[in-house]
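One structure below.
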Amino acid sequence: MAKQADTRTAGRKPVAKATRSAAETEKIRAALAARRDELSAEYDQTLSEITELQRDRLTDSAGDDQADTGTKTFEREQEISLANSIKERITQVERALERLDEGGYGWCERCGNPIPVERLAAFPSATLCVTCKQLEERR
Ligand SMILES: [Zn+2]
């Protein structure tokens, strides 16, 4: 029972991209920069935790039994993989900032509409607007 949506002009491709005001671009830049700072702080924090775990391991490993050592190694590995994923997200944000400068960032790949600033701040790697994302997921 396919009911044609008559609110939409069928088969028409999005024409030229809508424009985004300079103020909006600035808002996105600020959101991305804030995000990057936040992630950097998180990254530094994780790195210092790794250093601490490392130090623990070197200093009081004498009294540890094998299980303790195993736990610490596991914790350290967890921290390292966390650090790596934070680093990855920082890279994503930095790429987003570069693309923003080139004017190729923040547009929905599907409908060509601008992706809301809030969404970009939360998901810097978002390439679809919320509506298109939901349509995509329903498929
Ligand atoms: Zn869209």
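Lettering and numbering for the structure tokens are positional, with chains as A, B, ... in the shown order, residues counted from 1 in each chain, and ligands counted from 1 in the shown order.
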Name each residue within 10 Å of ligand 1, counting only C-alpha atoms and all ligand atoms, as a ChimeraX atom specification.
/A:107-115,127-136
For A:Arg89: contacts at 8 Å, only C-alpha atoms, fewer than 4 positions along chain excluded, given as a PyMOL selection string
chain A and resi 39+85+93
Skip A:Ala33 itself and residues of its chain fewer than 4 positions away, then list as a VMD selection string all residues within 8 Å of it, counting only C-alpha atoms.
chain A and resid 29 37 93 97
Next, dump the selected residues to file, keeping only N, CA and C atoms, as an mmCIF file, in the first residue's frame.
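The result, stored in result.cif:
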data_model
loop_
_atom_site.group_PDB
_atom_site.id
_atom_site.type_symbol
_atom_site.label_atom_id
_atom_site.label_comp_id
_atom_site.auth_asym_id
_atom_site.auth_seq_id
_atom_site.Cartn_x
_atom_site.Cartn_y
_atom_site.Cartn_z
ATOM 1 N N ARG A 29 32.092 25.829 13.632
ATOM 2 C CA ARG A 29 33.523 25.844 13.909
ATOM 3 C C ARG A 29 33.774 25.846 15.424
ATOM 4 N N ASP A 37 38.778 20.237 21.866
ATOM 5 C CA ASP A 37 39.425 20.547 23.147
ATOM 6 C C ASP A 37 39.019 19.541 24.216
ATOM 7 N N VAL A 93 37.336 15.062 14.038
ATOM 8 C CA VAL A 93 36.957 16.452 14.260
ATOM 9 C C VAL A 93 37.870 17.386 13.471
ATOM 10 N N LEU A 97 36.899 20.045 10.549
ATOM 11 C CA LEU A 97 37.263 21.467 10.544
ATOM 12 C C LEU A 97 37.890 21.862 9.202
#
Which is closer to A:Asp101 than all the others in A:Leu47, A:Leu58, A:Ile86, A:Ala22, using only C-alpha atoms?
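Closest to A:Asp101, using only C-alpha atoms: A:Ala22.
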Please provide as a PyMOL selection string all residues within 12 Å of A:Ala31, with the sequence filter that same-chain residues fewer than 6 positions apart are discarded (counting only C-alpha atoms).
chain A and resi 24-25+37-38+93-94+96-97+100+116-124
At what distance in Å, to one decimal, does atom CA of A:Lys87 lie from atom CA of A:Asp68?
28.4 Å
